[in-house]
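Asks: The following file, coords_9.txt, comprises compact mmCIF, C-alpha atoms:
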```
# COMPACT_ATOMS: atom_id res chain seq x y z
CA MET A 363 58.58 135.40 88.50
CA SER A 364 57.53 137.74 89.12
CA ALA A 365 55.37 136.93 86.45
CA SER A 366 55.48 141.02 87.18
CA GLY A 367 55.05 143.90 84.78
CA GLU A 368 51.83 142.70 83.28
CA GLY A 369 48.75 144.85 83.24
CA TYR A 370 48.92 145.32 79.48
CA GLY A 371 45.30 144.29 79.11
CA GLU A 372 44.00 147.15 81.22
CA THR A 373 46.31 149.62 79.49
CA ARG A 374 44.97 148.64 76.15
CA GLY A 375 41.42 148.69 77.46
CA HIS A 376 41.73 152.36 78.45
CA ARG A 377 43.82 153.59 75.55
CA GLY A 378 43.54 151.20 72.62
CA TYR A 379 39.85 151.66 71.76
CA SER A 380 38.94 155.09 73.02
CA GLY A 381 38.96 156.66 69.60
CA GLY A 382 41.62 154.23 68.39
CA ASP A 383 42.02 152.34 65.13
CA PRO A 384 38.59 151.05 63.98
CA SER A 385 40.24 148.19 62.11
CA ALA A 386 41.90 146.99 65.32
CA LEU A 387 38.54 147.01 67.11
CA ALA A 388 36.92 145.13 64.24
CA SER A 389 39.71 142.54 64.33
CA GLU A 390 39.27 142.09 68.08
CA LEU A 391 35.51 141.69 67.78
CA ALA A 392 35.90 139.18 64.96
CA TYR A 393 38.34 137.16 67.01
CA VAL A 394 36.10 137.14 70.10
CA ARG A 395 33.09 136.21 67.96
CA SER A 396 34.95 133.27 66.42
CA LEU A 397 35.84 132.01 69.88
CA ALA A 398 32.26 132.34 71.07
CA GLU A 399 30.97 130.42 68.06
CA GLU A 400 33.46 127.64 68.78
CA GLY A 401 32.60 127.61 72.48
CA ARG A 402 36.19 128.46 73.48
CA ASP A 403 37.82 131.06 75.69
CA ALA A 404 40.57 133.35 74.48
CA PRO A 405 43.94 131.77 75.29
CA LEU A 406 46.11 133.50 77.86
CA ILE A 407 48.67 135.86 76.38
CA GLY A 408 51.75 137.42 77.91
CA GLY A 409 53.82 134.27 78.23
CA VAL A 410 56.83 136.40 77.41
CA TYR A 411 56.51 138.03 80.84
CA TYR A 412 56.71 134.68 82.57
CA VAL A 413 59.85 133.83 80.60
CA LEU A 414 61.32 137.29 81.21
CA TRP A 415 60.79 137.40 84.97
CA GLY A 416 61.41 133.70 85.54
CA GLY A 417 64.68 133.88 83.64
CA LEU A 418 65.85 137.07 85.31
CA MET A 419 64.97 136.02 88.85
CA GLY A 420 66.30 132.51 88.31
CA ALA A 421 69.59 133.90 87.04
CA ALA A 422 69.77 136.44 89.89
CA ALA A 423 69.26 133.70 92.47
CA LEU A 424 71.96 131.59 90.85
CA VAL A 425 74.44 134.48 90.82
CA ALA A 426 73.58 135.25 94.46
CA PHE A 427 74.27 131.62 95.33
CA PHE A 428 77.75 131.80 93.80
CA ILE A 429 78.44 135.07 95.60
CA LEU A 430 77.36 133.73 98.99
CA THR A 431 79.41 130.56 98.56
CA GLY A 432 82.49 132.60 97.68
CA ALA A 433 82.75 131.33 94.11
CA LEU A 434 82.10 134.85 92.82
CA SER A 435 82.97 138.24 94.30
CA LEU A 436 81.28 141.53 93.45
CA GLY A 437 82.33 143.54 96.47
CA PRO A 438 80.49 144.36 99.73
CA ALA A 439 77.21 145.02 97.92
CA GLY A 440 77.60 141.87 95.83
CA PRO A 441 74.53 139.94 97.07
CA PHE A 442 72.26 142.88 96.22
CA ILE A 443 73.60 143.56 92.73
CA PRO A 444 71.96 140.66 90.85
CA TRP A 445 68.54 141.48 92.34
CA VAL A 446 68.77 145.18 91.53
CA VAL A 447 69.86 144.43 87.96
CA ALA A 448 67.14 141.80 87.50
CA GLY A 449 64.45 144.10 88.88
CA LEU A 450 65.42 147.09 86.76
CA CYS A 451 65.72 144.99 83.61
CA GLY A 452 62.44 143.22 84.36
CA TRP A 453 60.37 146.36 84.85
CA GLY A 454 62.03 148.17 81.97
CA LEU A 455 61.50 145.35 79.49
CA SER A 456 57.98 144.72 80.76
CA MET A 457 56.95 148.28 79.96
CA THR A 458 58.51 147.95 76.52
CA LEU A 459 56.81 144.65 75.78
CA GLY A 460 53.44 145.80 77.12
CA ARG A 461 52.37 147.47 73.90
CA ARG A 462 53.08 144.39 71.82
CA ALA A 463 51.32 141.99 74.19
CA GLY A 464 48.34 144.34 74.50
CA GLY A 465 47.94 144.28 70.73
CA LYS A 466 47.32 140.56 70.52
CA PRO A 467 43.78 139.34 69.78
CA GLY A 468 41.86 138.35 72.89
CA SER A 469 43.78 140.61 75.29
CA LEU A 470 40.51 142.14 76.50
CA SER A 471 38.92 138.82 77.45
CA LEU A 472 37.97 138.29 81.09
CA GLY A 473 40.65 135.65 81.55
CA ASN A 474 43.43 137.83 80.19
CA ARG A 475 42.34 140.92 82.10
CA THR A 476 42.11 138.95 85.34
CA SER A 477 45.47 137.27 84.78
CA SER A 478 47.29 140.46 83.82
CA ALA A 479 45.89 142.39 86.78
CA THR A 480 46.74 139.58 89.19
CA TRP A 481 50.33 139.22 88.01
CA PHE A 482 50.83 142.97 87.93
CA ALA A 483 49.72 143.11 91.57
CA VAL A 484 52.12 140.28 92.43
CA GLY A 485 54.99 142.14 90.81
CA VAL A 486 54.21 145.39 92.62
CA PHE A 487 53.85 143.65 95.99
CA MET A 488 57.07 141.66 95.71
CA THR A 489 59.02 144.74 94.61
CA LEU A 490 57.71 146.81 97.53
CA PHE A 491 58.31 143.93 99.95
CA TRP A 492 61.96 143.62 98.84
CA LEU A 493 62.48 147.38 99.13
CA ALA A 494 60.99 147.31 102.63
CA LEU A 495 63.39 144.55 103.65
CA VAL A 496 66.33 146.64 102.47
CA PHE A 497 65.45 149.19 105.18
CA VAL A 498 64.30 146.91 108.03
CA HIS A 499 66.41 143.74 107.62
CA ASP A 500 68.64 144.51 110.63
CA ASN A 501 66.07 146.18 112.88
CA PHE A 502 65.49 143.03 114.89
CA THR A 503 69.01 142.00 115.83
CA GLY A 504 68.18 142.89 119.44
CA ALA A 505 65.55 140.14 119.39
CA GLY A 506 68.11 137.63 118.15
CA VAL A 507 67.25 137.80 114.44
CA PRO A 508 70.51 137.75 112.40
CA PRO A 509 71.03 140.61 109.90
CA TYR A 510 69.69 139.81 106.42
CA PHE A 511 67.78 136.78 107.71
CA LEU A 512 64.45 138.39 106.80
CA PHE A 513 65.45 138.25 103.14
CA SER A 514 65.12 134.47 103.37
CA PHE A 515 61.33 134.95 103.45
CA MET A 516 61.34 136.39 99.94
CA PHE A 517 61.28 133.01 98.20
CA PRO A 518 58.56 131.39 100.35
CA ILE A 519 56.31 134.42 99.99
CA ALA A 520 57.06 134.88 96.29
CA PHE A 521 56.27 131.28 95.38
CA GLY A 522 53.19 131.44 97.58
CA VAL A 523 51.71 134.40 95.72
CA TYR A 524 52.85 132.90 92.42
CA GLY A 525 50.66 129.92 93.21
CA VAL A 526 47.68 132.16 93.96
CA ALA A 527 48.20 134.06 90.70
CA PHE A 528 48.48 130.84 88.69
CA TYR A 529 45.33 129.43 90.28
CA ALA A 530 43.35 132.65 89.66
CA SER A 531 44.56 132.78 86.05
CA ALA A 532 43.66 129.12 85.54
CA VAL A 533 40.11 129.62 86.79
CA ALA A 534 39.52 132.92 84.96
CA ALA A 535 40.81 131.57 81.64
CA ARG A 536 39.56 128.01 82.14
CA ALA A 537 43.11 126.77 81.69
CA ASP A 538 43.15 123.93 84.20
CA TRP A 539 46.70 122.89 83.32
CA LEU A 540 47.96 126.08 84.98
CA LYS A 541 46.73 124.74 88.31
CA LEU A 542 49.60 122.27 88.17
CA PHE A 543 52.02 125.18 88.29
CA ALA A 544 50.06 126.66 91.19
CA PHE A 545 50.66 123.51 93.23
CA LEU A 546 54.27 123.35 92.04
CA SER A 547 54.80 126.94 93.19
CA TRP A 548 53.38 126.14 96.61
CA GLY A 549 55.71 123.17 96.79
CA PHE A 550 58.70 125.43 96.16
CA SER A 551 57.33 127.86 98.73
CA ILE A 552 57.43 125.17 101.41
CA ALA A 553 60.79 123.84 100.26
CA THR A 554 62.46 127.25 100.38
CA LEU A 555 60.90 127.92 103.78
CA PHE A 556 62.63 124.84 105.16
CA PHE A 557 65.94 126.20 103.86
CA SER A 558 65.50 129.69 105.34
CA GLY A 559 68.90 131.10 106.29
CA ASN A 560 70.70 128.42 104.27
CA VAL A 561 72.66 129.36 101.17
CA TYR A 562 71.13 126.43 99.27
CA GLN A 563 67.79 128.23 99.43
CA PHE A 564 69.04 130.33 96.53
CA LEU A 565 69.75 127.24 94.47
CA ILE A 566 66.28 125.85 95.13
CA GLY A 567 64.77 129.26 94.48
CA SER A 568 66.57 129.51 91.16
CA ALA A 569 65.22 126.13 90.08
CA GLY A 570 61.75 127.23 91.17
CA CYS A 571 61.89 130.41 89.09
CA PHE A 572 62.74 128.47 85.95
CA ALA A 573 60.20 125.71 86.65
CA CYS A 574 57.31 127.88 87.89
CA ALA A 575 57.69 130.92 85.64
CA ALA A 576 59.93 130.43 82.61
CA LEU A 577 58.54 126.98 81.72
CA PRO A 578 54.81 127.88 81.82
CA GLY A 579 55.72 131.06 79.95
CA VAL A 580 57.14 129.05 77.08
CA LEU A 581 54.02 126.86 77.04
CA LEU A 582 51.77 129.93 77.00
CA MET A 583 53.70 131.53 74.16
CA ARG A 584 53.20 128.43 72.04
CA GLY A 585 49.43 128.76 72.41
CA GLU A 586 49.13 132.53 71.92
CA PRO A 587 47.20 133.86 68.92
CA LYS A 588 48.98 135.69 66.15
CA ASP A 589 48.94 139.49 66.05
CA ILE A 590 46.67 139.40 63.00
CA VAL A 591 43.50 137.34 62.96
```
Please render this file's structure as structure tokens.
Replies:
Amino acid sequence: MSASGEGYGETRGHRGYSGGDPSALASELAYVRSLAEEGRDAPLIGGVYYVLWGGLMGAAALVAFFILTGALSLGPAGPFIPWVVAGLCGWGLSMTLGRRAGGKPGSLSLGNRTSSATWFAVGVFMTLFWLALVFVHDNFTGAGVPPYFLFSFMFPIAFGVYGVAFYASAVAARADWLKLFAFLSWGFSIATLFFSGNVYQFLIGSAGCFACAALPGVLLMRGEPKDIV
């Protein structure tokens, strides 16, 4: 999931109010003031990113499963195609959606800035880690490591950092219910680790992407504030 491609809060923080629309700043201040008077924190925004990345990665894992089981054929590079397509679509759509998410009231709250920065870092790390595996996956065959086996660590590591990101977001935004998805992510991390090198890891990973990214994304979107206060 990756919940990846976030970071909209920081973008807006540097660009949105440095000589920007005074009415937008007034709206933001009014919204934050109303929350402070009610003793509440700004709800987390950006649930669309969770849905986007969870859906794309879940679908990519499912397609990869069918390719590896022989139910679907996309040529010699078949197993890589769904991941490349999902990654390109994810980053492209994330950049497009960033402006809209950054315009929502409360995007500059501590919780939202912490969450967006954390998930953006997760997305960057997982993308770089996958690219590194593309180049080194068969460098250890002399030590008895089968080619492509290192890719089986993608799911355990991804769900592990997902859990850290969920936990950090939950604490920063005082959204304790997100901690449940942190523990769920860690559960999928362990489960996929046990299935390393097994084709069914992709099936479990797909289920994890939908359960640990798309689902909380839908829940977050339901609680997001409107664009206009």
Asks: May I ask for the distance between atom CA of A:Ile443 and atom CA of A:Ser558, given in Å to one decimal place?
Replies: 20.4 Å
Asks: Using Å and a single decimal, report how far atom CA of A:Ile407 sits from atom CA of A:Ala575.
Replies: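 Computing it gives 13.8 Å between the two atoms.
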Asks: Would you compute the distance between atom CA of A:Leu577 and atom CA of A:Leu495? Give it in Å to one decimal.
Replies: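 Atom CA of A:Leu495 lies 28.5 Å from atom CA of A:Leu577.
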Asks: Write out as a ChimeraX atom specification the residues lying within 9 Å of A:Ala421, counting all atoms listed in the file and excluding same-chain residues fewer than 3 positions away.
Replies: /A:416-418,424-426,444,448,568,571-572
Asks: Taking into account all atoms listed in the file, which residue in the set A:Ile552, A:Ala423, A:Leu581, A:Ala483 is nearest to A:Ala537?
Replies: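 Smallest separation from A:Ala537 among the options: A:Leu581.
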Asks: Given only C-alpha atoms as the basis, pick out the residue of A:Ile566, A:Leu434, A:Val561, A:Ala576 nearest to A:Phe511.
Replies: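 Residue with the minimum atom-to-atom distance to A:Phe511: A:Val561.
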Asks: Pick the closest to A:Trp539 from A:Leu582, A:Val486, A:Val410, A:Ala433: which is it, counting all atoms listed in the file?
Replies: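 Comparing A:Leu582, A:Val486, A:Val410, A:Ala433 against A:Trp539, the winner is A:Leu582.
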Asks: Write out as a ChimeraX atom specification which residues come within 9 Å of A:Ala535 when counting all atoms listed in the file, dropping same-chain ones fewer than 6 positions away.
Replies: /A:403-406,471-474,476-477
Asks: When distances are computed from only C-alpha atoms, which of A:Phe487, A:Phe528, A:Phe427, A:Trp492 shows the smallest separation from A:Tyr412?
Replies: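 Residue with the minimum atom-to-atom distance to A:Tyr412: A:Phe528.
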Asks: Measuring atom to atom with all atoms listed in the file, identify which of A:Pro508, A:Gly559, A:Ile519, A:Ala573 is nearest to A:Leu430.
Replies: A:Gly559
Asks: So which one's closest to A:Leu540, A:Tyr524, A:Pro518, A:Leu493, A:Pro578? Using all atoms listed in the file, please.
Replies: A:Pro578
